[in-house]
Each structure stands twice: as C-alpha cells, then as structure tokens.
file model15.txt (compact mmCIF, C-alpha atoms)
# COMPACT_ATOMS: atom_id res chain seq x y z
CA MET A 252 219.13 172.26 81.56
CA GLN A 253 222.30 173.30 79.75
CA ASP A 254 223.49 176.82 80.55
CA LEU A 255 224.56 178.31 77.21
CA SER A 256 225.60 181.62 78.79
CA LYS A 257 228.75 179.82 80.04
CA ILE A 258 229.88 179.38 76.47
CA THR A 259 231.64 182.76 76.54
CA GLU A 260 233.70 181.67 79.53
CA SER A 261 235.09 178.62 77.77
CA ALA A 262 238.39 178.27 75.91
CA PHE A 263 237.47 180.79 73.21
CA SER A 264 236.05 184.20 73.97
CA LEU A 265 232.98 185.59 72.29
CA HIS A 266 235.05 188.49 70.96
CA SER A 267 237.62 186.30 69.20
CA THR A 268 234.86 184.12 67.72
CA LEU A 269 233.11 187.15 66.31
CA LEU A 270 236.43 188.56 65.10
CA LEU A 271 237.07 185.34 63.21
CA GLY A 272 233.54 185.57 61.76
CA LEU A 273 234.22 189.12 60.62
CA TYR A 274 237.51 188.12 58.96
CA VAL A 275 235.85 185.26 57.10
CA THR A 276 232.93 187.44 56.01
CA ALA A 277 235.16 190.36 54.99
CA GLY A 278 237.51 188.07 53.06
CA THR A 279 234.66 186.40 51.20
CA TYR A 280 233.08 189.79 50.56
CA VAL A 281 236.24 191.28 49.03
CA ILE A 282 236.78 188.27 46.73
CA PHE A 283 233.12 188.17 45.70
CA SER A 284 233.06 191.92 45.02
CA ALA A 285 236.11 191.64 42.77
CA VAL A 286 234.58 188.71 40.86
CA LEU A 287 231.24 190.50 40.51
CA TYR A 288 232.93 193.71 39.34
CA TYR A 289 235.01 191.79 36.79
CA HIS A 290 232.00 190.02 35.29
CA TRP A 291 229.84 193.12 35.08
CA THR A 292 232.54 195.27 33.53
CA THR A 293 233.72 192.61 31.08
CA TYR A 294 230.57 190.87 29.88
CA ASN A 295 227.80 193.44 30.25
CA THR A 296 225.73 194.58 27.29
CA ASP A 297 224.22 197.64 28.95
CA GLU A 298 226.40 200.10 30.84
CA ARG A 299 223.43 201.45 32.81
CA VAL A 300 222.31 198.03 34.13
CA SER A 301 225.89 197.24 35.05
CA ARG A 302 226.25 200.48 37.02
CA ILE A 303 222.90 200.03 38.80
CA THR A 304 223.75 196.43 39.74
CA LEU A 305 227.16 197.29 41.18
CA ILE A 306 225.88 200.35 43.06
CA THR A 307 222.94 198.36 44.48
CA PHE A 308 225.30 195.59 45.58
CA PHE A 309 227.70 197.89 47.39
CA VAL A 310 224.97 200.09 48.88
CA SER A 311 223.09 197.06 50.24
CA THR A 312 226.05 195.06 51.54
CA PHE A 313 228.79 197.45 52.64
CA PRO A 314 226.75 199.02 55.49
CA LEU A 315 226.12 195.49 56.81
CA LEU A 316 229.85 194.78 56.88
CA LEU A 317 230.41 198.13 58.55
CA THR A 318 227.76 197.25 61.14
CA MET A 319 229.55 194.00 61.92
CA GLY A 320 232.81 195.88 62.43
CA LEU A 321 231.21 198.51 64.65
CA ILE A 322 229.45 195.89 66.78
CA LEU A 323 232.75 194.12 67.29
CA LEU A 324 234.22 197.35 68.67
CA THR A 325 231.47 197.52 71.30
CA ILE A 326 231.85 193.89 72.46
CA GLU A 327 234.67 193.16 74.86
CA MET B 222 231.65 195.63 26.83
CA LEU B 223 230.51 192.36 25.34
CA PHE B 224 230.01 193.57 21.75
CA GLU B 225 233.62 194.72 21.58
CA LYS B 226 234.64 191.12 22.27
CA ILE B 227 232.15 189.44 19.95
CA GLN B 228 233.00 191.82 17.09
CA LEU B 229 229.99 191.97 14.83
CA GLU B 230 230.73 191.84 11.12
CA PRO B 231 230.44 195.03 9.02
CA ASP B 232 226.75 195.75 8.25
CA GLU B 233 225.63 192.96 10.58
CA VAL B 234 222.37 193.95 12.21
CA VAL B 235 221.27 192.74 15.64
CA LEU B 236 217.64 191.67 15.26
CA LYS B 237 216.97 190.69 18.83
CA MET B 238 218.69 190.15 22.15
CA VAL B 239 216.90 187.73 24.42
CA ARG B 240 217.32 186.75 28.03
CA LYS B 241 215.41 184.11 29.90
CA HIS B 242 211.85 184.87 30.95
CA TRP B 243 211.36 187.03 34.04
CA PHE B 244 209.54 184.17 35.77
CA VAL B 245 212.78 182.15 35.75
CA ILE B 246 214.72 184.80 37.70
CA LEU B 247 211.72 185.49 39.94
CA ALA B 248 211.46 181.80 40.88
CA GLU B 249 215.20 181.62 41.60
CA LEU B 250 215.26 184.83 43.62
CA PHE B 251 212.23 183.74 45.65
CA GLY B 252 214.35 181.10 47.38
CA THR B 253 216.94 183.75 48.25
CA PHE B 254 214.21 186.05 49.55
CA ILE B 255 212.92 183.30 51.86
CA MET B 256 216.49 182.71 53.11
CA LEU B 257 216.76 186.45 53.76
CA LEU B 258 213.70 186.27 55.99
CA VAL B 259 214.67 183.10 57.92
CA PRO B 260 216.40 184.90 60.85
CA PHE B 261 213.47 187.28 61.16
CA PHE B 262 211.07 184.32 61.31
CA ILE B 263 213.23 182.76 64.04
CA MET B 264 213.24 185.99 66.05
CA ILE B 265 209.49 186.38 65.66
CA GLY B 266 209.18 182.78 66.86
CA PHE B 267 211.21 183.59 69.99
CA LEU B 268 209.11 186.68 70.63
CA ILE B 269 205.88 184.69 70.30
CA PHE B 270 207.19 181.78 72.43
CA PRO B 271 209.64 183.37 74.93
CA ASP B 272 209.57 180.24 77.13
CA THR B 273 211.70 178.30 74.61
CA LEU B 274 214.73 180.48 75.45
CA SER B 275 214.29 180.45 79.21
CA GLY B 276 215.35 176.78 79.29
CA PHE B 277 218.77 177.73 77.86
CA ASN B 278 219.29 180.66 80.24
CA ILE B 279 219.76 183.07 77.31
CA SER B 280 218.52 186.62 77.42
CA LEU B 281 217.80 188.19 74.04
CA THR B 282 218.45 191.68 75.41
CA LYS B 283 221.88 190.62 76.71
CA TYR B 284 222.92 189.29 73.33
CA THR B 285 221.34 191.95 71.12
CA ALA B 286 224.73 193.00 69.69
CA VAL B 287 225.68 189.40 68.88
CA ILE B 288 222.30 188.77 67.26
CA VAL B 289 222.65 191.88 65.07
CA PHE B 290 226.22 190.80 64.19
CA VAL B 291 225.09 187.33 63.09
CA LEU B 292 222.08 188.78 61.30
CA ALA B 293 224.29 191.20 59.33
CA GLY B 294 226.60 188.33 58.34
CA TRP B 295 223.64 186.22 57.26
CA LEU B 296 222.23 189.08 55.18
CA ILE B 297 225.59 189.67 53.45
CA PHE B 298 225.91 186.03 52.38
CA THR B 299 222.27 185.84 51.27
CA LEU B 300 222.61 189.04 49.25
CA MET B 301 225.76 187.66 47.62
CA ALA B 302 223.76 184.56 46.61
CA GLY B 303 221.03 186.80 45.21
CA PHE B 304 223.47 188.87 43.17
CA THR B 305 225.07 185.66 41.87
CA ILE B 306 221.66 184.52 40.56
CA TRP B 307 221.02 187.93 38.99
CA THR B 308 224.47 187.97 37.33
CA HIS B 309 224.01 184.50 35.85
CA TYR B 310 220.56 185.47 34.61
CA TYR B 311 221.59 188.76 33.01
CA LEU B 312 224.79 187.54 31.40
CA ASP B 313 222.98 184.55 29.85
CA LEU B 314 221.99 185.78 26.43
CA TRP B 315 220.81 184.92 22.91
CA ILE B 316 221.80 187.47 20.27
CA ILE B 317 220.02 186.99 16.95
CA THR B 318 221.55 188.94 14.08
CA ASP B 319 220.73 188.87 10.36
CA ARG B 320 223.67 186.48 9.82
CA ARG B 321 224.07 184.32 12.90
CA ILE B 322 222.89 183.38 16.34
CA ILE B 323 225.21 183.99 19.27
CA LEU B 324 224.41 181.96 22.34
CA ILE B 325 226.06 182.98 25.59
CA ASP B 326 225.66 180.62 28.49
CA GLN B 327 226.90 181.96 31.82
CA ILE B 328 227.04 178.69 33.77
CA ARG B 329 228.91 179.95 36.83
CA PHE B 330 231.43 182.66 37.60
CA PHE B 331 234.45 182.06 35.35
CA ASN B 332 232.52 179.35 33.50
CA ARG B 333 231.12 180.79 30.31
CA ASN B 334 230.15 179.13 27.07
CA VAL B 335 229.81 181.20 23.89
CA SER B 336 228.47 179.43 20.79
CA ILE B 337 228.07 181.08 17.42
CA PHE B 338 226.32 179.49 14.50
CA ARG B 339 225.50 180.94 11.12
CA LEU B 340 221.93 181.09 9.92
CA GLU B 341 222.68 179.36 6.62
CA ARG B 342 223.88 176.32 8.57
CA LEU B 343 220.75 176.14 10.64
CA GLN B 344 218.82 172.98 9.87
CA ASP B 345 215.98 173.02 12.31
CA ILE B 346 214.62 175.25 15.06
CA GLU B 347 211.97 173.99 17.38
CA PHE B 348 210.38 175.13 20.60
CA SER B 349 208.48 173.44 23.38
CA ILE B 350 206.25 174.85 26.07
CA LYS B 351 205.58 172.31 28.79
CA GLY B 352 203.53 172.78 31.91
CA LEU B 353 200.87 175.06 33.27
CA ILE B 354 203.04 178.02 34.35
CA PRO B 355 205.13 178.14 31.12
CA THR B 356 201.93 178.02 29.07
CA PHE B 357 200.32 180.75 31.15
CA PHE B 358 203.37 183.05 31.02
CA ASN B 359 204.41 182.03 27.49
CA PHE B 360 207.95 180.75 27.97
CA GLY B 361 209.67 177.51 27.05
CA SER B 362 212.65 175.77 25.51
CA LEU B 363 214.23 176.62 22.21
CA ASN B 364 216.19 173.96 20.40
CA ALA B 365 218.33 174.70 17.34
CA GLN B 366 220.10 172.11 15.19
CA THR B 367 222.89 173.03 12.81
CA ALA B 368 224.90 171.29 10.15
CA SER B 369 228.12 171.94 12.04
CA GLN B 370 230.29 168.86 12.58
CA PHE B 371 231.50 170.06 16.00
CA GLU B 372 228.34 170.98 17.86
CA SER B 373 224.99 170.42 16.22
CA ASP B 374 222.49 171.03 18.96
CA PHE B 375 221.85 174.20 20.95
CA ARG B 376 219.22 174.21 23.64
CA SER B 377 218.04 176.91 26.00
CA ALA B 378 215.26 176.62 28.54
CA GLY B 379 213.05 179.38 29.95
CA MET B 380 213.06 181.54 26.81
CA PRO B 381 210.28 184.13 26.53
CA ASP B 382 207.82 183.86 23.65
CA PRO B 383 209.57 180.88 21.98
CA ARG B 384 207.01 180.87 19.15
CA GLY B 385 207.88 184.48 18.27
CA LEU B 386 211.61 183.77 18.52
CA GLN B 387 211.26 180.80 16.23
CA ALA B 388 209.47 183.01 13.71
CA ILE B 389 212.19 185.70 13.90
CA ILE B 390 214.97 183.14 13.41
CA GLN B 391 213.10 181.40 10.58
CA LYS B 392 212.52 184.72 8.82
CA ALA B 393 216.16 185.76 9.25
CA MET B 394 217.31 182.37 7.99
CA ASP B 395 215.11 182.60 4.87
CA SER B 396 216.32 186.12 4.21
CA ARG B 397 219.94 185.05 4.63
CA LEU B 398 219.57 182.10 2.27
CA ARG B 399 217.89 184.36 -0.30
CA THR B 400 220.76 186.85 -0.06
CA LEU B 401 223.35 184.12 -0.48
CA HIS B 402 221.42 182.61 -3.38
CA VAL B 403 221.16 185.93 -5.23
CA ASN B 404 224.67 187.04 -4.36
CA PRO B 405 226.93 184.08 -3.51
CA ASN B 406 229.85 186.49 -2.89
CA SER B 407 228.04 188.04 0.05
CA PRO B 408 230.19 188.09 3.25
CA GLN B 409 230.11 184.71 4.96
call {"tool": "encode", "arguments": {"input": "model15.txt", "output": "structure tokens"}}
result
Amino acid sequence: MQDLSKITESAFSLHSTLLLGLYVTAGTYVIFSAVLYYHWTTYNTDERVSRITLITFFVSTFPLLLTMGLILLTIE
Amino acid sequence: MLFEKIQLEPDEVVLKMVRKHWFVILAELFGTFIMLLVPFFIMIGFLIFPDTLSGFNISLTKYTAVIVFVLAGWLIFTLMAGFTIWTHYYLDLWIITDRRIILIDQIRFFNRNVSIFRLERLQDIEFSIKGLIPTFFNFGSLNAQTASQFESDFRSAGMPDPRGLQAIIQKAMDSRLRTLHVNPNSPQ
C-alpha cells in the first residue's frame, strides 16, 4: 500500500505547501473583502443591514484566517 | 447609499421595495451549508471507519494541525461563497414608486443592471406561479412590458406575492394616468 506519510519528505515540504495555501487564501480573502465592502457601502438601501452583513463576514472569517496563520507557526 | 444615486424626483413616493422571496435565498444558501459540512462528514466517516486510513499509513492525531488548517481554509472559501449569494440576493431589488418602476439586477460582482421605466409607458404586467413550492409559498415571476423602443420586456423570477405586486403596480399606473390626464403639465 502507498505510504502517504512520505509525502512530506519529498521535494516540497509540508510547511512550504501550507505557506503557499495561506498566501493564496489570504490574497483571495483581501480582494473579496474589498469587493464585498465596496458593494455594501455603495449599493445598500439599509445602513443597518449593511453594517450587520460586514460585521458578520469579518467576525466569522477573520478568526479562521488567524487560525491558519497560527497553525503555520506551530508546524516546522 | 443607493437612493442618492438613483435620485428620486421631487414628491416621488416609494410605494414598495421588493426583493426575491426568502425561499429563493434559502434554497441557494442550502447548497453552501451542505458544502460547509462536507469536511465534517468526511471526518465523521473516518471516525466511524478508522480502517480506511490505516491502509495509507496516516495518523489523524499526527496531522491534526494540518487538518484544522485545511478545514479553516475550506470554511473561509465556503463562507465567501455564502456571502456572495447573500449580496446578490439583497442588492437585487424592485422599487415601485408612484411614477416609475426601478429594477435593479445584481448579476455578479461588478455586473449590475439598473432599468427604469415610467408607469405611463407600462403596457402590460403579468405574473406566473408555476410549480408546487412556488404555489405553496406564494412566489413567482413578474413580467412587465413597456412601450419603450429600447427595452420592452422586464422579467424577474422568484418575486414574493406576485398577485399583490401586480395589483400595486396596476393601481399606481391607473393613478398616474389619471394624474396626467387631469394635469398634463405634471412632472414627467
């Protein structure tokens, strides 16, 4: 049977793979946040709904991004 | 704010603002919710059938940090998809005033279609409710035809209470035509 644990010993390390994943996720996140913020501040009809949406988005997603960053610090 | 951009005419009264029926957004978000749960289902599967992993020589406890990392990434992308659906739903809007109908169609991010047509140019407004669920929850399509030479047909699916909306628009149209008939110098 194939030993998948050896994958970390191959040409790319687990750490650099995860680092690349974090960069891609963080980059997409920043762009998406800017687009979302633009649309909700420009085209909204209700200030309250706009505020709740943006706060909910950042409260639910930013800790996840932070978790990814912190995990990366613990993996060698 | 949107109204600052649309610029309602002096004395123009907004009669109703309508978004698509809640069932439409619920149905769309359900798919996202299932996607959110996929990794948890997979993990539960591995916990129920631990022998499937032993063949690959992978220990879940050894890779806990990596699993949490991937899970967090998955959740971020799924949440972004969910907020995209919510944004498109909320920014899609019909504004019915006593003089015109403003139809805002948020197709995608940076792809927005705003159509305005005056009530006196409205020729026909019809609705259709097709299917079991739309009939049960009272939502359907609204189709408006105008005398405009540029765009004569406006259609929106998933509108709540289309019969009531048709009545509101018809009433506003009659009132507008009466006003114009009595006072032809009324603001166009």
call {"tool": "residues_around", "arguments": {"input": "model15.txt", "residues": "range 251-265 of chain B", "least_positions_apart": "6", "cutoff": "12 Å", "atoms": "all atoms listed in the file", "output": "ChimeraX atom specification"}}
result
/B:244-245,271,273-274,281,285,288-307
call {"tool": "closest_residue", "arguments": {"input": "model15.txt", "among": "B:Tyr311, B:Phe270, B:Phe348, B:Tyr284", "to": "Ala365 in chain B", "atoms": "only C-alpha atoms"}}
result
B:Phe348
call {"tool": "atom_distance", "arguments": {"input": "model15.txt", "atom1": "CA of Gly385 in chain B", "atom2": "CA of Ile246 in chain B"}}
result
20.6 Å
call {"tool": "atom_distance", "arguments": {"input": "model15.txt", "atom1": "CA of Leu363 in chain B", "atom2": "CA of Lys237 in chain B"}}
result
14.7 Å
call {"tool": "atom_distance", "arguments": {"input": "model15.txt", "atom1": "CA of Ser396 in chain B", "atom2": "CA of Asp345 in chain B"}}
result
15.4 Å
call {"tool": "interface_residues", "arguments": {"input": "model15.txt", "of": "chain A", "to": "chain B", "cutoff": "10 Å", "atoms": "all atoms listed in the file", "output": "number ranges by chain"}}
result
A: 252-257, 265-266, 269, 272-273, 275-277, 279-280, 283-284, 286-287, 289-298, 300-301, 304-305, 307-308, 311-323, 325-326
call {"tool": "closest_residue", "arguments": {"input": "model15.txt", "among": "B:Val335, B:Leu324, B:Ile316, B:Ala388", "to": "Glu347 in chain B", "atoms": "only C-alpha atoms"}}
result
B:Ala388
call {"tool": "residues_around", "arguments": {"input": "model15.txt", "residues": "Arg339 in chain B", "least_positions_apart": "3", "cutoff": "8 Å", "atoms": "only C-alpha atoms", "output": "list in words"}}
result
Arg320, Arg321, Ile322, Arg342 and Leu343 of chain B
call {"tool": "closest_residue", "arguments": {"input": "model15.txt", "among": "B:Gln228, B:Ser349, B:Asn334, B:Ser377", "to": "Arg240 in chain B", "atoms": "only C-alpha atoms"}}
result
B:Ser377
call {"tool": "closest_residue", "arguments": {"input": "model15.txt", "among": "B:Ile354, B:Ile337, B:Leu247, B:Ile390", "to": "Ile325 in chain B", "atoms": "only C-alpha atoms"}}
result
B:Ile337
call {"tool": "closest_residue", "arguments": {"input": "model15.txt", "among": "B:Phe360, B:Ile317, B:Asp326, B:Thr367", "to": "Pro381 in chain B", "atoms": "only C-alpha atoms"}}
result
B:Phe360
call {"tool": "closest_residue", "arguments": {"input": "model15.txt", "among": "B:Asn359, B:Asn332, B:Thr318, B:Gln366", "to": "Arg384 in chain B", "atoms": "all atoms listed in the file"}}
result
B:Asn359
